[in-house]
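Data block below; observations after.
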Amino acid sequence: MHTVILGNGITGVSAALRLRTLDPQREITLISGESDYHYSRPALMYIFMGHMRYQDTKPYPDSFWDQQRLRRVRGWVVGIDAQARRLHMHGGESMAFDQLLLATGSKSNKFGWPGQDLPGVQGLYDLMDLRLLYENIRGVEQAVIVGGGLIGIELGEMLHSRHVPVTFVVREASYWDNVLPAEESAMLNRIIRDAGMGLRLQTNLQEIHAGADGRVAAIETDDGERIDCQFVGLTPGVSPNVEVVRDTAIEVGRGILVDDSFHTTVDGIYAAGDCAEIVTPGEGRNLLQQVWYTGKAQGRVVGEVMAGRDAHYRPGTWYNSAKFLDLEYQTYGQVGFHLPGEKHLFWEHSDHRHALRIVYTDRGVVGMNLMGLRYRHRSCERWIEEGRDVDYVLDHLEEANFDPEFFRRHEVEIRGVLRGQYRDQRARGAAA
């Protein structure tokens, strides 16, 4: 049997490795137009900033793939004949398959702005974008970044490290406030401005203007402001990369529709990772997960399914983390989900660079946000999964902290502040 995996990111590779473990004789081919070898996409910013080399982002030596008998093909798939079980490649060749896994990831969003395809305008998602960025920032005196999310602030930090002045244009009232509660979002506003970057909030991009040389020269906002710039980063989020299945029998919603074992609507064809939309009957909204660790987990499950096992994906406790402008960020569980009866406890240090939020309901702690603090993943996840109450979590904060030696610890102050808030909330609840 020949299994073809379209995409060599974390999902495709995790699936290939799990399948190889379970079926040592299977013929497995990985296809990617982006790179010859799997690398860590979240490390792109560190390559650009000089913290890592490209070869350092590859978790396996180049010889590993032949040793595992995982065939690699560099190329772009432009069509899928699901009935004939054949892929059509950009160069005119084709490839037969018995099983197909679509692990095509995401693509940067564009919303039809005039000038969005001018030279000097780009997103940041893959190696091609990184190579283009090196070219596009030559001689740049001012950059504009459109979009208020994680990719945007990472791109801002990358440019800032090269001493390129940056202005953010963000449609929301506060940076990343569609994800972060108000206090954490305000913290990001402060660190962006403290770094010397411009921040235009509640502002929409109207048009990108070209100069005499045909490259970007300025943007215009919806309130008529013109900002001169020689580079525009478009970072208003990503969406599932589903173009290759548009004209096939494989059904698509926001992403490629799959069940919790990653079967698509066509037998023998699977999809997982950023491109997959998991149908969740009765829950009102299907599940899209587009972070590294969920891609890895989904890849392992679909690898088992393709090997013939009865396996199902269980999302578990939500988790994400990032670091931007020297600020650590971690989130666990359900923060910002507006659950019935949820209450929040929030501590923020006077330096506005350290904060902890605990979200709880009658069934215990359900979510946590950490800013400028490092807590052990397993500790926070266990507290939520075990339904620990607020008192228990506050009593055990030190067990979770893994900041390096000599870093200042804040647990005593945190516990005092949050216990006071907790008492007040319980008193108000009793009075009601």
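The chains in the structure tokens are called A, B, ... from first to last as shown; in each chain the residues are counted from 1, and the ligands are counted from 1 in the order shown.
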Considering only strand (DSSP E) as DSSP defines it on the backbone, what residues of segment 45-288 of chain A qualify? List them as an NGL selection string. :A and (70-74 or 77-81 or 86-89 or 94-96 or 99-102 or 106-108 or 121-122 or 143-146 or 166-169 or 198-200 or 205-210 or 216-221 or 226-228 or 231-234 or 238-240 or 256-258 or 269-271 or 276-278)
Give me the residues near Gln68 of chain A as a compact mmCIF listing (two decimals) with all heavy atoms, in the first residue's frame, where near means some atom within 12 Å (using only C-alpha atoms) and where sequence neighbours in that chain fewer than 4 positions away do not count.
```txt
# COMPACT_ATOMS: atom_id res chain seq x y z
N VAL A 13 4.51 15.07 9.24
CA VAL A 13 5.65 14.29 9.72
C VAL A 13 5.25 13.41 10.91
O VAL A 13 5.65 12.24 11.00
CB VAL A 13 6.82 15.21 10.06
CG1 VAL A 13 7.87 14.50 10.90
CG2 VAL A 13 7.44 15.75 8.78
N ALA A 16 3.48 10.48 9.52
CA ALA A 16 4.39 9.55 8.84
C ALA A 16 5.18 8.71 9.83
O ALA A 16 5.33 7.49 9.64
CB ALA A 16 5.34 10.34 7.94
N LEU A 17 5.66 9.34 10.89
CA LEU A 17 6.46 8.61 11.87
C LEU A 17 5.63 7.60 12.64
O LEU A 17 6.08 6.49 12.94
CB LEU A 17 7.13 9.59 12.82
CG LEU A 17 8.16 10.53 12.19
CD1 LEU A 17 8.74 11.48 13.24
CD2 LEU A 17 9.28 9.73 11.52
N ARG A 18 4.38 7.98 12.98
CA ARG A 18 3.51 7.03 13.69
C ARG A 18 3.14 5.86 12.78
O ARG A 18 3.14 4.70 13.21
CB ARG A 18 2.25 7.75 14.17
CG ARG A 18 1.36 6.89 15.07
CD ARG A 18 2.12 6.45 16.30
NE ARG A 18 1.27 5.66 17.19
CZ ARG A 18 1.74 4.76 18.03
NH1 ARG A 18 3.06 4.52 18.09
NH2 ARG A 18 0.93 4.09 18.82
N LEU A 19 2.85 6.17 11.53
CA LEU A 19 2.50 5.12 10.58
C LEU A 19 3.68 4.19 10.35
O LEU A 19 3.52 2.96 10.28
CB LEU A 19 2.05 5.75 9.26
CG LEU A 19 1.64 4.81 8.12
CD1 LEU A 19 0.54 3.86 8.57
CD2 LEU A 19 1.21 5.62 6.90
N ARG A 20 4.88 4.74 10.24
CA ARG A 20 6.06 3.90 10.05
C ARG A 20 6.28 2.97 11.24
O ARG A 20 6.61 1.79 11.08
CB ARG A 20 7.30 4.78 9.83
CG ARG A 20 8.64 4.05 9.85
CD ARG A 20 8.71 2.93 8.81
NE ARG A 20 8.78 3.45 7.46
CZ ARG A 20 7.95 3.08 6.48
NH1 ARG A 20 6.99 2.20 6.69
NH2 ARG A 20 8.09 3.57 5.26
N THR A 21 6.05 3.47 12.46
CA THR A 21 6.20 2.63 13.65
C THR A 21 5.22 1.46 13.64
O THR A 21 5.58 0.32 13.97
CB THR A 21 5.98 3.47 14.92
OG1 THR A 21 6.98 4.50 14.98
CG2 THR A 21 6.07 2.62 16.17
N ASP A 23 3.53 0.27 10.94
CA ASP A 23 3.55 -0.52 9.71
C ASP A 23 4.93 -0.36 9.06
O ASP A 23 5.11 0.46 8.16
CB ASP A 23 2.44 -0.05 8.76
CG ASP A 23 2.28 -0.96 7.55
OD1 ASP A 23 3.18 -1.80 7.32
OD2 ASP A 23 1.26 -0.85 6.85
N PRO A 24 5.91 -1.16 9.48
CA PRO A 24 7.29 -1.01 8.99
C PRO A 24 7.43 -1.22 7.48
O PRO A 24 8.40 -0.75 6.89
CB PRO A 24 8.06 -2.08 9.77
CG PRO A 24 7.25 -2.32 11.00
CD PRO A 24 5.83 -2.17 10.56
N GLN A 25 6.48 -1.91 6.85
CA GLN A 25 6.60 -2.21 5.42
C GLN A 25 5.87 -1.23 4.52
O GLN A 25 5.99 -1.31 3.30
CB GLN A 25 6.07 -3.63 5.16
CG GLN A 25 6.76 -4.72 5.98
CD GLN A 25 8.26 -4.68 5.86
OE1 GLN A 25 8.81 -4.54 4.76
NE2 GLN A 25 8.95 -4.81 6.99
N ARG A 26 5.12 -0.31 5.09
CA ARG A 26 4.31 0.60 4.28
C ARG A 26 5.19 1.50 3.40
O ARG A 26 6.22 2.02 3.85
CB ARG A 26 3.45 1.48 5.19
CG ARG A 26 2.52 2.47 4.49
CD ARG A 26 1.34 1.78 3.85
NE ARG A 26 0.53 1.10 4.86
CZ ARG A 26 -0.55 1.64 5.44
NH1 ARG A 26 -0.95 2.85 5.10
NH2 ARG A 26 -1.24 0.95 6.35
N GLU A 27 4.77 1.71 2.17
CA GLU A 27 5.42 2.70 1.30
C GLU A 27 4.82 4.07 1.63
O GLU A 27 3.61 4.27 1.54
CB GLU A 27 5.18 2.36 -0.16
CG GLU A 27 5.87 3.34 -1.13
CD GLU A 27 5.55 3.06 -2.59
OE1 GLU A 27 4.79 2.10 -2.87
OE2 GLU A 27 6.05 3.81 -3.44
N ILE A 28 5.67 5.01 2.03
CA ILE A 28 5.21 6.33 2.48
C ILE A 28 5.97 7.40 1.71
O ILE A 28 7.22 7.37 1.65
CB ILE A 28 5.43 6.52 4.00
CG1 ILE A 28 4.73 5.42 4.78
CG2 ILE A 28 4.94 7.91 4.44
CD1 ILE A 28 5.03 5.44 6.28
N THR A 29 5.24 8.35 1.16
CA THR A 29 5.84 9.48 0.44
C THR A 29 5.35 10.79 1.04
O THR A 29 4.14 10.96 1.24
CB THR A 29 5.48 9.44 -1.06
OG1 THR A 29 5.96 8.22 -1.63
CG2 THR A 29 6.08 10.63 -1.79
N TYR A 60 15.56 16.51 12.91
CA TYR A 60 16.18 15.23 12.55
C TYR A 60 17.30 15.49 11.55
O TYR A 60 17.20 16.39 10.70
CB TYR A 60 15.16 14.29 11.91
CG TYR A 60 13.93 14.04 12.76
CD1 TYR A 60 12.73 14.72 12.50
CD2 TYR A 60 13.96 13.16 13.83
CE1 TYR A 60 11.61 14.50 13.28
CE2 TYR A 60 12.84 12.94 14.62
CZ TYR A 60 11.67 13.62 14.34
OH TYR A 60 10.56 13.42 15.12
N PRO A 61 18.37 14.69 11.61
CA PRO A 61 19.43 14.83 10.59
C PRO A 61 18.89 14.45 9.22
O PRO A 61 17.91 13.67 9.11
CB PRO A 61 20.51 13.85 11.07
CG PRO A 61 19.80 12.86 11.94
CD PRO A 61 18.67 13.62 12.59
N ASP A 62 19.49 14.98 8.18
CA ASP A 62 18.98 14.73 6.83
C ASP A 62 18.98 13.23 6.50
O ASP A 62 18.14 12.77 5.71
CB ASP A 62 19.83 15.48 5.81
CG ASP A 62 19.67 17.00 5.95
OD1 ASP A 62 18.78 17.44 6.70
OD2 ASP A 62 20.46 17.73 5.33
N SER A 63 19.89 12.47 7.09
CA SER A 63 19.96 11.04 6.81
C SER A 63 18.79 10.25 7.42
O SER A 63 18.53 9.11 7.02
CB SER A 63 21.27 10.47 7.36
OG SER A 63 21.36 10.69 8.77
N PHE A 64 18.08 10.87 8.35
CA PHE A 64 17.01 10.18 9.08
C PHE A 64 15.92 9.67 8.15
O PHE A 64 15.40 8.57 8.32
CB PHE A 64 16.42 11.16 10.11
CG PHE A 64 15.18 10.68 10.80
CD1 PHE A 64 15.25 9.85 11.90
CD2 PHE A 64 13.91 11.08 10.36
CE1 PHE A 64 14.11 9.41 12.55
CE2 PHE A 64 12.77 10.65 11.00
CZ PHE A 64 12.87 9.82 12.10
N ARG A 72 10.88 11.43 0.08
CA ARG A 72 10.58 12.86 0.02
C ARG A 72 10.50 13.30 -1.44
O ARG A 72 11.36 12.96 -2.25
CB ARG A 72 11.67 13.67 0.73
CG ARG A 72 11.76 13.43 2.22
CD ARG A 72 13.01 14.07 2.81
NE ARG A 72 14.22 13.47 2.27
CZ ARG A 72 14.99 14.03 1.36
NH1 ARG A 72 14.69 15.20 0.84
NH2 ARG A 72 16.08 13.41 0.92
```
Using only C-alpha atoms, which residues sit within 6 Å of segment 206-217 of chain A once same-chain residues fewer than 6 positions away are excluded, as an MDAnalysis selection string? chainID A and resid 113:115 118:120 228:230
Selection from above, N, CA and C atoms, as a PDB file, in the first residue's frame, can you write it?
```pdb
ATOM      1  N   TRP A 113      -7.566  44.149  -0.415  1.00  0.00           N
ATOM      2  CA  TRP A 113      -7.203  45.561  -0.352  1.00  0.00           C
ATOM      3  C   TRP A 113      -6.541  45.997  -1.659  1.00  0.00           C
ATOM      4  N   PRO A 114      -6.870  47.148  -2.179  1.00  0.00           N
ATOM      5  CA  PRO A 114      -6.139  47.666  -3.337  1.00  0.00           C
ATOM      6  C   PRO A 114      -4.654  47.786  -3.011  1.00  0.00           C
ATOM      7  N   GLY A 115      -3.822  47.204  -3.854  1.00  0.00           N
ATOM      8  CA  GLY A 115      -2.381  47.272  -3.654  1.00  0.00           C
ATOM      9  C   GLY A 115      -1.803  46.143  -2.823  1.00  0.00           C
ATOM     10  N   LEU A 118       1.353  44.397  -4.303  1.00  0.00           N
ATOM     11  CA  LEU A 118       2.506  45.190  -4.728  1.00  0.00           C
ATOM     12  C   LEU A 118       3.808  44.592  -4.202  1.00  0.00           C
ATOM     13  N   PRO A 119       4.921  44.799  -4.922  1.00  0.00           N
ATOM     14  CA  PRO A 119       6.221  44.440  -4.368  1.00  0.00           C
ATOM     15  C   PRO A 119       6.457  45.184  -3.050  1.00  0.00           C
ATOM     16  N   GLY A 120       6.977  44.464  -2.063  1.00  0.00           N
ATOM     17  CA  GLY A 120       7.189  45.060  -0.751  1.00  0.00           C
ATOM     18  C   GLY A 120       6.056  44.809   0.214  1.00  0.00           C
ATOM     19  N   ASP A 228       3.595  56.949   5.148  1.00  0.00           N
ATOM     20  CA  ASP A 228       4.634  56.579   4.194  1.00  0.00           C
ATOM     21  C   ASP A 228       5.380  55.355   4.703  1.00  0.00           C
ATOM     22  N   CYS A 229       5.653  54.411   3.809  1.00  0.00           N
ATOM     23  CA  CYS A 229       6.356  53.186   4.198  1.00  0.00           C
ATOM     24  C   CYS A 229       6.885  52.496   2.945  1.00  0.00           C
ATOM     25  N   GLN A 230       7.893  51.682   3.141  1.00  0.00           N
ATOM     26  CA  GLN A 230       8.479  50.927   2.030  1.00  0.00           C
ATOM     27  C   GLN A 230       8.267  49.425   2.193  1.00  0.00           C
TER      28      GLN A 230
END
```
Residue contacts of segment 183-198 of chain A (10 Å, only C-alpha atoms) excluding same-chain residues fewer than 4 positions away, as a PyMOL selection string: chain A and resi 144-145+153+156-157+160+164-169+173-179+324-327+329+346-348+351-357+369-371
Would you mind listing what lies within 7 Å of Ala276 of chain A as a compact mmCIF listing (two decimals) with N, CA, C and O atoms, in the first residue's frame, with only C-alpha atoms counted and same-chain residues fewer than 3 positions away left out?
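Printed below is part.txt as written:
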```
# COMPACT_ATOMS: atom_id res chain seq x y z
N GLY A 255 -12.55 24.72 6.66
CA GLY A 255 -11.43 23.85 6.33
C GLY A 255 -11.95 22.60 5.65
O GLY A 255 -13.12 22.51 5.26
N ILE A 256 -11.08 21.60 5.50
CA ILE A 256 -11.49 20.32 4.92
C ILE A 256 -12.27 19.55 5.98
O ILE A 256 -11.76 19.29 7.07
N LEU A 257 -13.50 19.19 5.69
CA LEU A 257 -14.38 18.58 6.69
C LEU A 257 -13.94 17.14 6.98
O LEU A 257 -13.77 16.33 6.06
N VAL A 258 -13.76 16.85 8.27
CA VAL A 258 -13.35 15.51 8.71
C VAL A 258 -14.12 15.13 9.96
O VAL A 258 -14.68 15.98 10.65
N ALA A 271 -7.54 14.25 6.27
CA ALA A 271 -6.99 15.60 6.43
C ALA A 271 -6.78 15.84 7.92
O ALA A 271 -7.59 15.40 8.76
N ALA A 272 -5.71 16.54 8.27
CA ALA A 272 -5.42 16.82 9.68
C ALA A 272 -4.55 18.07 9.78
O ALA A 272 -3.93 18.51 8.80
N GLY A 273 -4.52 18.65 10.97
CA GLY A 273 -3.73 19.84 11.20
C GLY A 273 -4.50 21.11 10.88
O GLY A 273 -5.74 21.14 10.94
N LEU A 288 -11.67 24.03 14.63
CA LEU A 288 -10.43 24.34 13.90
C LEU A 288 -9.35 24.59 14.94
O LEU A 288 -9.52 25.42 15.84
```
